[in-house]
Amino acid sequence: MTGGNTFRDLLRTSAAETGSIACMGLDPILEGLPSPELSISSRVLFFFKLIFERMLHEKVLPGAFKPNIGFFHSLDDPMEGRYEGSRSLREIVILIRELFPGIPVILDMKRGDIARSSANYAAEAFKVWKADAVTVSPYMGSDSVGPFIELASGMGRGVYILNRTSNPGGQELQNLSMADGQPLYKHVAKQIISWGVDASAGTAGAVVGATNPQELFELARLYKEGNGTEDPAEKNIAPLLIPGVGGQGGSASQTVGILKSAGYPLELARVNSSSGLTHPWVKKGSPLPEDFAVQVVKNLKKMNQELNYAE
């Protein structure tokens with residue numbers, strides 16, 4: 001699989017070649033992993049390696065992978081000199097690059113700090129972990145988001161900026177009414193569009209949850225308008241990362257219907273499911289199934305069918 005020179009090119013190419021706009025969240029939960037006799041890093045790698053091999057065998061692929069760095073770092077014990085989680089993340093990223101070249105790796109970090117600190121976090125994402133994209137928080141404004149966009153622009157990478165998130169508590173701040181009567185999340189969306197116009201094509205994207213259908217529609221339509229130019233080819237439409245499908249209750253088919261209604265280009269969207277794909281039995285309190293790899297691929301295949309991008 002081959003991508004273009006910008007992150008938006010990579011999204012379009014991977015969607016076309018995989019037939020998918022699903023984003024597969026990789027969030028290892030220790031109690032949901034096989035082979036307790038092995039080291040933590042070996043258990044994590046064994047779990048995902050079997051899943052990846054099954055995906056290739058059945059030719060069922062996602063349009064992106066999204067490891068959440070917190071799940072991996074929580075498996076470290078740095079005070080005791082053990083870095084099992086970080087080691088397993090390294091091995092998984094390497095494995096994805098080997099088995100699924102051209103499928104983007106979105107590192108879920110949700111970082112955001114003053115300029116010099118943000119520059120370090122950006123280097124961690126793009127130079128240390130070599131991610132194709134990263135999630136960041138906009139709360140501290142341009143001097144926080146700017147270093148991520150600057151580095152990403154020069155490397156053809158993407159920055160997904162939190163806009164209207166899928167968690168229930170997101171409304172506590174994101175839906176606050178501003179002086180003009182518009183909710184805060186719409187002002188954030190306009191700022192994300194502005195950041196995208198100032199950067200290279202496709203660099204600045206947005207995280208918009210699937211659990212708030214009306215808000216997803218409004219924001220998808222707003223992002224579809226891009227920078228307001230008449231020629232669609234000139235519009236710097238922000239890529240969307242859409243969490244909340246599966247374990248959080250969002251619907252894949254409804255999400256696609258909303259995007260289509262808003263006129264948003266599906267190839268620039270990635271609809272994420274994490275626990276709902278890779279370990280739904282943990283939430284149900286069920287034991288690890290012997291055929292867990294088969295079950296995970298079955299879940300991904302169903303999600304791809306519901307998203308119906310390949311048709």
# chains A, B, ... in the order shown; residues from 1 in each chain; ligands from 1
>>> residues_around(residues="segment 292-301 of chain A", least_positions_apart="4", cutoff="12 Å", atoms="only C-alpha atoms", output="number ranges by chain")
A: 18-26, 32-34, 46-65, 245-247, 252, 271-282, 286-288, 305-310
>>> select_by_dssp(residues="segment 120-265 of chain A", states="helix (DSSP H, G or I)", output="count of residues only")
70
>>> residues_around(residues="Leu75 of chain A", least_positions_apart="2", cutoff="6 Å", atoms="only C-alpha atoms", output="ChimeraX atom specification")
/A:72-73,85
>>> write_last_selection(atoms="C-alpha atoms", output="compact mmCIF listing (two decimals), in the first residue's frame")
# COMPACT_ATOMS: atom_id res chain seq x y z
CA PHE A 72 0.43 0.75 27.33
CA HIS A 73 2.16 3.05 29.80
CA GLY A 85 3.91 -1.72 28.14
>>> atom_distance(atom1="atom CA of Tyr121 of chain A", atom2="atom CA of Ala204 of chain A")
16.3 Å
>>> residues_around(residues="segment 135-139 of chain A", least_positions_apart="6", cutoff="7 Å", atoms="only C-alpha atoms", output="NGL selection string")
:A and (107-112 or 145 or 159-162)
>>> atom_distance(atom1="atom CA of Ala133 of chain A", atom2="atom CA of Met155 of chain A")
10.4 Å
